[in-house]
Amino acid sequence: MRTTNTPPAARCPCGNDDTHPAALPVKRRSVLGAMALLMGYTARPARIDWVCPTCGAVLDSVTDPAALERARYDEPRRAAR
Ligand SMILES: [Zn+2]
């Protein structure tokens, strides 16, 4: 089992950073959220990790409650920086 406490890497081994356009948003749900999902209720994700499509390294993580609420039903979008 992979730890979720690993700090996000600024750049993954294959050289992509967290602004890579193909970075994949992966919603991480709490155990409670996963159970709610099984019952047909879409819970707010616990966090969203942006993952390199090539090596799977976590490039960035979203834990802001407002951003997570917006991602509850929609696919998360990259925030303009
Ligand atoms: Zn990579």
# chains A, B, ... in the order shown; residues from 1 in each chain; ligands from 1
call {"tool": "closest_atom_pairs", "arguments": {"of": "chain A", "to": "ligand 1", "cutoff": "9 Å", "atoms": "only C-alpha atoms and all ligand atoms", "output": "Markdown table"}}
result
| residue | atom | partner | partner_atom_place_in_ligand_line | distance |
| --- | --- | --- | --- | --- |
| A:Arg11 | CA | ligand 1 | 1 (Zn) | 7.7 |
| A:Cys12 | CA | ligand 1 | 1 (Zn) | 4.6 |
| A:Pro13 | CA | ligand 1 | 1 (Zn) | 5.4 |
| A:Cys14 | CA | ligand 1 | 1 (Zn) | 4.3 |
| A:Gly15 | CA | ligand 1 | 1 (Zn) | 6.1 |
| A:Asn16 | CA | ligand 1 | 1 (Zn) | 5.5 |
| A:Asp17 | CA | ligand 1 | 1 (Zn) | 8.1 |
| A:Val51 | CA | ligand 1 | 1 (Zn) | 8.0 |
| A:Cys52 | CA | ligand 1 | 1 (Zn) | 4.7 |
| A:Pro53 | CA | ligand 1 | 1 (Zn) | 6.6 |
| A:Thr54 | CA | ligand 1 | 1 (Zn) | 4.8 |
| A:Cys55 | CA | ligand 1 | 1 (Zn) | 4.1 |
| A:Gly56 | CA | ligand 1 | 1 (Zn) | 6.0 |
| A:Ala57 | CA | ligand 1 | 1 (Zn) | 5.7 |
| A:Val58 | CA | ligand 1 | 1 (Zn) | 8.5 |
| A:Leu59 | CA | ligand 1 | 1 (Zn) | 8.4 |
call {"tool": "write_last_selection", "arguments": {"atoms": "N, CA and C atoms", "output": "short mmCIF file (atom, residue, chain, number, x, y, z; two decimals), in the first residue's frame"}}
result
data_model
loop_
_atom_site.label_atom_id
_atom_site.label_comp_id
_atom_site.auth_asym_id
_atom_site.auth_seq_id
_atom_site.Cartn_x
_atom_site.Cartn_y
_atom_site.Cartn_z
N ARG A 11 9.09 17.76 -9.83
CA ARG A 11 9.35 17.24 -11.17
C ARG A 11 9.57 15.74 -11.02
N CYS A 12 8.92 14.98 -11.86
CA CYS A 12 9.02 13.54 -11.73
C CYS A 12 10.23 13.02 -12.48
N PRO A 13 10.55 11.74 -12.30
CA PRO A 13 11.77 11.18 -12.92
C PRO A 13 11.81 11.34 -14.45
N CYS A 14 10.67 11.40 -15.10
CA CYS A 14 10.72 11.53 -16.56
C CYS A 14 10.65 12.98 -17.01
N GLY A 15 10.73 13.92 -16.06
CA GLY A 15 10.96 15.31 -16.43
C GLY A 15 9.71 16.18 -16.57
N ASN A 16 8.51 15.62 -16.29
CA ASN A 16 7.31 16.44 -16.35
C ASN A 16 7.14 17.17 -15.02
N ASP A 17 6.65 18.40 -15.08
CA ASP A 17 6.35 19.10 -13.84
C ASP A 17 4.83 19.21 -13.70
N VAL A 51 -1.25 13.55 -11.34
CA VAL A 51 -0.33 12.44 -11.51
C VAL A 51 0.26 12.47 -12.92
N CYS A 52 1.56 12.23 -13.00
CA CYS A 52 2.22 12.15 -14.30
C CYS A 52 1.64 10.98 -15.09
N PRO A 53 1.23 11.20 -16.34
CA PRO A 53 0.63 10.12 -17.14
C PRO A 53 1.64 9.05 -17.53
N THR A 54 2.92 9.36 -17.42
CA THR A 54 3.95 8.42 -17.84
C THR A 54 4.41 7.52 -16.71
N CYS A 55 4.80 8.12 -15.58
CA CYS A 55 5.39 7.31 -14.52
C CYS A 55 4.49 7.23 -13.28
N GLY A 56 3.43 8.03 -13.24
CA GLY A 56 2.50 7.93 -12.12
C GLY A 56 2.93 8.69 -10.88
N ALA A 57 3.99 9.47 -10.99
CA ALA A 57 4.42 10.26 -9.84
C ALA A 57 3.42 11.38 -9.56
N VAL A 58 3.23 11.66 -8.28
CA VAL A 58 2.33 12.75 -7.90
C VAL A 58 3.07 14.07 -8.10
N LEU A 59 2.52 14.90 -8.97
CA LEU A 59 3.17 16.17 -9.29
C LEU A 59 2.66 17.30 -8.42
#
call {"tool": "select_by_dssp", "arguments": {"residues": "chain A", "states": "strand (DSSP E)", "output": "PDB file with N, CA and C atoms, in the first residue's frame"}}
result
ATOM      1  N   LEU A  24      -2.807  13.857 -14.934  1.00  0.00           N
ATOM      2  CA  LEU A  24      -4.116  13.272 -14.678  1.00  0.00           C
ATOM      3  C   LEU A  24      -4.573  13.585 -13.256  1.00  0.00           C
ATOM      4  N   PRO A  25      -5.789  14.123 -13.117  1.00  0.00           N
ATOM      5  CA  PRO A  25      -6.308  14.325 -11.764  1.00  0.00           C
ATOM      6  C   PRO A  25      -6.821  13.015 -11.192  1.00  0.00           C
ATOM      7  N   VAL A  26      -6.360  12.660 -10.017  1.00  0.00           N
ATOM      8  CA  VAL A  26      -6.806  11.434  -9.358  1.00  0.00           C
ATOM      9  C   VAL A  26      -7.462  11.828  -8.041  1.00  0.00           C
ATOM     10  N   LYS A  27      -8.744  11.539  -7.949  1.00  0.00           N
ATOM     11  CA  LYS A  27      -9.463  11.885  -6.722  1.00  0.00           C
ATOM     12  C   LYS A  27      -9.198  10.829  -5.664  1.00  0.00           C
ATOM     13  N   ARG A  28      -8.726  11.278  -4.524  1.00  0.00           N
ATOM     14  CA  ARG A  28      -8.517  10.372  -3.402  1.00  0.00           C
ATOM     15  C   ARG A  28      -9.689  10.560  -2.456  1.00  0.00           C
ATOM     16  N   ARG A  47      -8.890  14.511  -1.334  1.00  0.00           N
ATOM     17  CA  ARG A  47      -7.845  15.311  -1.963  1.00  0.00           C
ATOM     18  C   ARG A  47      -7.756  14.901  -3.421  1.00  0.00           C
ATOM     19  N   ILE A  48      -7.134  15.725  -4.204  1.00  0.00           N
ATOM     20  CA  ILE A  48      -6.902  15.402  -5.612  1.00  0.00           C
ATOM     21  C   ILE A  48      -5.405  15.452  -5.859  1.00  0.00           C
ATOM     22  N   ASP A  49      -4.889  14.391  -6.420  1.00  0.00           N
ATOM     23  CA  ASP A  49      -3.480  14.370  -6.797  1.00  0.00           C
ATOM     24  C   ASP A  49      -3.384  14.507  -8.313  1.00  0.00           C
ATOM     25  N   TRP A  50      -2.504  15.365  -8.761  1.00  0.00           N
ATOM     26  CA  TRP A  50      -2.185  15.449 -10.190  1.00  0.00           C
ATOM     27  C   TRP A  50      -1.036  14.501 -10.453  1.00  0.00           C
ATOM     28  N   VAL A  51      -1.253  13.550 -11.336  1.00  0.00           N
ATOM     29  CA  VAL A  51      -0.334  12.438 -11.514  1.00  0.00           C
ATOM     30  C   VAL A  51       0.255  12.474 -12.916  1.00  0.00           C
ATOM     31  N   VAL A  58       3.225  11.661  -8.280  1.00  0.00           N
ATOM     32  CA  VAL A  58       2.330  12.754  -7.900  1.00  0.00           C
ATOM     33  C   VAL A  58       3.067  14.072  -8.104  1.00  0.00           C
ATOM     34  N   LEU A  59       2.519  14.905  -8.974  1.00  0.00           N
ATOM     35  CA  LEU A  59       3.170  16.171  -9.294  1.00  0.00           C
ATOM     36  C   LEU A  59       2.664  17.298  -8.418  1.00  0.00           C
ATOM     37  N   ASP A  60       1.403  17.230  -8.038  1.00  0.00           N
ATOM     38  CA  ASP A  60       0.808  18.296  -7.241  1.00  0.00           C
ATOM     39  C   ASP A  60      -0.410  17.713  -6.539  1.00  0.00           C
ATOM     40  N   SER A  61      -0.787  18.306  -5.426  1.00  0.00           N
ATOM     41  CA  SER A  61      -1.951  17.829  -4.701  1.00  0.00           C
ATOM     42  C   SER A  61      -2.854  19.002  -4.365  1.00  0.00           C
ATOM     43  N   VAL A  62      -4.157  18.758  -4.431  1.00  0.00           N
ATOM     44  CA  VAL A  62      -5.135  19.774  -4.064  1.00  0.00           C
ATOM     45  C   VAL A  62      -5.813  19.330  -2.785  1.00  0.00           C
TER      46      VAL A  62
END
call {"tool": "residues_around", "arguments": {"residues": "Ala43 in chain A", "least_positions_apart": "3", "cutoff": "7 Å", "atoms": "only C-alpha atoms", "output": "list in words"}}
result
Gly33, Ala36, Leu37 and Arg72 of chain A
call {"tool": "atom_distance", "arguments": {"atom1": "CA of Asp18 in chain A", "atom2": "CA of Leu32 in chain A"}}
result
28.4 Å
call {"tool": "select_by_dssp", "arguments": {"residues": "range 2-81 of chain A", "states": "helix (DSSP H, G or I)", "output": "ChimeraX atom specification"}}
result
/A:31-38,65-70
call {"tool": "write_last_selection", "arguments": {"atoms": "N, CA and C atoms", "output": "mmCIF file, in the first residue's frame"}}
result
data_model
loop_
_atom_site.group_PDB
_atom_site.id
_atom_site.type_symbol
_atom_site.label_atom_id
_atom_site.label_comp_id
_atom_site.auth_asym_id
_atom_site.auth_seq_id
_atom_site.Cartn_x
_atom_site.Cartn_y
_atom_site.Cartn_z
ATOM 1 N N VAL A 31 -12.082 6.708 3.433
ATOM 2 C CA VAL A 31 -12.811 5.442 3.534
ATOM 3 C C VAL A 31 -14.313 5.714 3.579
ATOM 4 N N LEU A 32 -14.691 6.722 4.341
ATOM 5 C CA LEU A 32 -16.107 7.084 4.441
ATOM 6 C C LEU A 32 -16.655 7.513 3.083
ATOM 7 N N GLY A 33 -15.852 8.291 2.337
ATOM 8 C CA GLY A 33 -16.283 8.748 1.024
ATOM 9 C C GLY A 33 -16.453 7.592 0.055
ATOM 10 N N ALA A 34 -15.566 6.597 0.140
ATOM 11 C CA ALA A 34 -15.658 5.429 -0.729
ATOM 12 C C ALA A 34 -16.915 4.631 -0.415
ATOM 13 N N MET A 35 -17.241 4.529 0.852
ATOM 14 C CA MET A 35 -18.461 3.817 1.242
ATOM 15 C C MET A 35 -19.692 4.559 0.762
ATOM 16 N N ALA A 36 -19.646 5.888 0.866
ATOM 17 C CA ALA A 36 -20.773 6.698 0.401
ATOM 18 C C ALA A 36 -20.957 6.529 -1.100
ATOM 19 N N LEU A 37 -19.840 6.440 -1.819
ATOM 20 C CA LEU A 37 -19.895 6.270 -3.264
ATOM 21 C C LEU A 37 -20.586 4.954 -3.622
ATOM 22 N N LEU A 38 -20.313 3.913 -2.845
ATOM 23 C CA LEU A 38 -20.946 2.610 -3.086
ATOM 24 C C LEU A 38 -22.455 2.694 -2.925
ATOM 25 N N PRO A 65 -10.425 22.944 0.544
ATOM 26 C CA PRO A 65 -11.816 22.472 0.613
ATOM 27 C C PRO A 65 -12.712 23.057 -0.472
ATOM 28 N N ALA A 66 -12.522 24.331 -0.817
ATOM 29 C CA ALA A 66 -13.362 24.951 -1.848
ATOM 30 C C ALA A 66 -13.100 24.320 -3.208
ATOM 31 N N ALA A 67 -11.841 24.065 -3.518
ATOM 32 C CA ALA A 67 -11.491 23.448 -4.793
ATOM 33 C C ALA A 67 -12.007 22.011 -4.838
ATOM 34 N N LEU A 68 -11.941 21.315 -3.697
ATOM 35 C CA LEU A 68 -12.425 19.935 -3.651
ATOM 36 C C LEU A 68 -13.936 19.891 -3.829
ATOM 37 N N GLU A 69 -14.629 20.884 -3.274
ATOM 38 C CA GLU A 69 -16.083 20.929 -3.410
ATOM 39 C C GLU A 69 -16.474 21.106 -4.876
ATOM 40 N N ARG A 70 -15.732 21.969 -5.581
ATOM 41 C CA ARG A 70 -16.012 22.169 -7.011
ATOM 42 C C ARG A 70 -15.740 20.894 -7.802
#
